[in-house]
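Notes follow the structure.
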Amino acid sequence: MTLTAASVPVLWRLARLDFDRVRQQRVLLYPEGVVLLNETGGAILDLCDGHRSIGDVAAILQERYHCDVTADVIDYLSRLIERELVRVE
Amino acid sequence: MIHANGELTTDDWKRVFTHARELGVLQLGLSGGEPLVRPDVEQLAAHAHSLGLYTTLVTSGVGLTRHRAATLREAGLEHIQISIQDSDHAVADRIAGLSVVPQKVAAAALVRELGFAFSINVVLHRANIDRVDEIIELAASLGADRLELANTQYYGWALENRNALLPTPAQVAAASDVADEAMRRHRGRMQILYVLPDYHEAYPKPCYGGWGRHYLVVMPDGRTLPCHGATHITTLRFDSVRDHPLRWIWEESAAFQAFRGDAWMQEPCRTCPRKAIDFGGCRCQAFALTGEATNPDPVCTLTPLRTIIDKAVREATGPPAYRYRYIGLETERA
């Protein structure tokens, strides 16, 4: 599947974001698995609400980090889509 | 199954869960035996949820009433895994020892209706692996989000029955093709995890990601293991959460230290680059097949011990006459 700025990503119905107080780190939890998230990963996934497109997500992050992050967002989400943790509606 | 009066109490389990979370554990599986036999599963699920654990109930599905399922959902249980023996009811009954298929179908419907994440687990062996396509379609029709197709691992009772259970290489190859095709077809709706049978592979599995690295099992009686099969290694003694804090067992107990790192390894493992991938394979399998838990897993084609596996594969042609074990639930035919 080719992701574009118009693609609308959403977390797998069975995955949810949480904060691990022990590691002091954001985590993505799902059946039988965990992804430990870095700050940017968490920031991207926070914005994947099933309504915003990748372009919308990148625009918000661009404002926050003052650089074009579209390619990074696509790359990051592609890897999670490959693992079926993120879906594109 | 440990007899009920030898099991940890509700408060014991709550303490263990709290300590596990403090160690960094994020995933909890409530299994057994059959966890629904305990009347306090709902309380335990609620405590686990309050700690931030992602909790799975691993059940046969028998005993999952609407009331219990709804209470578990309110308690914060997120994921239910139901085991299914086969798509063929007659064969399934023979293996389960009970006529349970309608009860599993009802349990599956309840799990879906209440919005749990829903997995089905099927253990594959010679008598059912040819019907893997039907099993996959059965799981899809029951509405599973995930299907785990796990080939039998041969220690304990399965090792005793290996000649009846081990599929032929041709069966394994055919099943792998079916599973691959089904994975693509069901992608996005049902996730299919197909665990290859290690006897038919060239290298061993990184069992539970390595001994004492990511995983621990607390038995109903409190003994704590690095994996489910570890009690088969009779040279190890496993400490109990009745006697020690979980952190001490994890960090310092002899059993958990036994196969960490690589100092315990023999050749060819110790100098093999694959040790970073598979950690020498399964300690339980090494012990069961060679009598020495520090040996390489005989599945590995880099060790002369592989002849043990090749011989077993060649000889596994016996009729499917099983030696049953009866655990937990009373059955009419016991």
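Ordering of the structure tokens sets the chain letters (A, B, ...), residue numbers begin anew at 1 in every chain, and ligands are numbered from 1 in the order given.
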Please build the interface table for chain A against chain B with a cut-off of 10 Å, listing for each qualifying residue the nearest atom pair and the distance in Å to one decimal; count only C-alpha atoms, order rows by chain and increasing number, and write it as CSV.
```
residue,atom,partner,partner_atom,distance
A:Trp12,CA,B:Gly188,CA,9.1
A:Arg13,CA,B:Ala117,CA,8.5
A:Leu14,CA,B:Ala117,CA,6.0
A:Ala15,CA,B:Ala117,CA,9.3
A:Arg16,CA,B:Tyr54,CA,9.7
A:Asp18,CA,B:Gly52,CA,8.1
A:Phe19,CA,B:Gly52,CA,8.6
A:Asp20,CA,B:Gly52,CA,7.8
A:Arg21,CA,B:Gly24,CA,8.8
A:Val22,CA,B:Gly24,CA,5.9
A:Arg23,CA,B:Gly24,CA,7.0
A:Val27,CA,B:Leu26,CA,9.3
A:Leu29,CA,B:Tyr54,CA,6.9
A:Tyr30,CA,B:Tyr54,CA,7.5
A:Pro31,CA,B:His79,CA,6.5
A:Glu32,CA,B:Gln27,CA,6.6
A:Gly33,CA,B:Gln27,CA,7.1
A:Val34,CA,B:Leu26,CA,7.5
A:Ile81,CA,B:Gly188,CA,9.8
A:Arg83,CA,B:Gln191,CA,9.9
A:Glu84,CA,B:Gly188,CA,7.2
A:Leu85,CA,B:Gly188,CA,9.8
A:Val86,CA,B:Gly188,CA,9.8
A:Arg87,CA,B:Gly188,CA,7.6
A:Val88,CA,B:Gly188,CA,9.6
```
Residues flagged strand (DSSP E) by DSSP in range 24-73 of chain B, as a PyMOL selection string = chain B and resi 27-30+54-59
Please, could you write that set of residues out with C-alpha atoms as a CSV table (one decimal), in the first residue's frame?
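The new file part-v3.csv reads:
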```csv
chain,number,residue,atom,x,y,z
B,27,GLN,CA,1.3,-7.6,29.3
B,28,LEU,CA,-0.6,-10.1,31.6
B,29,GLY,CA,-2.0,-13.4,30.6
B,30,LEU,CA,-4.5,-15.1,33.0
B,54,TYR,CA,-2.9,-5.1,29.2
B,55,THR,CA,-4.7,-8.2,30.3
B,56,THR,CA,-5.6,-11.4,28.3
B,57,LEU,CA,-7.8,-14.1,29.6
B,58,VAL,CA,-6.7,-17.4,28.1
B,59,THR,CA,-9.7,-19.8,28.4
```
Would you please extract all alpha helix (DSSP H) residues from range 2-79 of chain A, as assigned by DSSP on the backbone, and give them as a ChimeraX atom specification?
-> /A:39-47,54-65,70-79
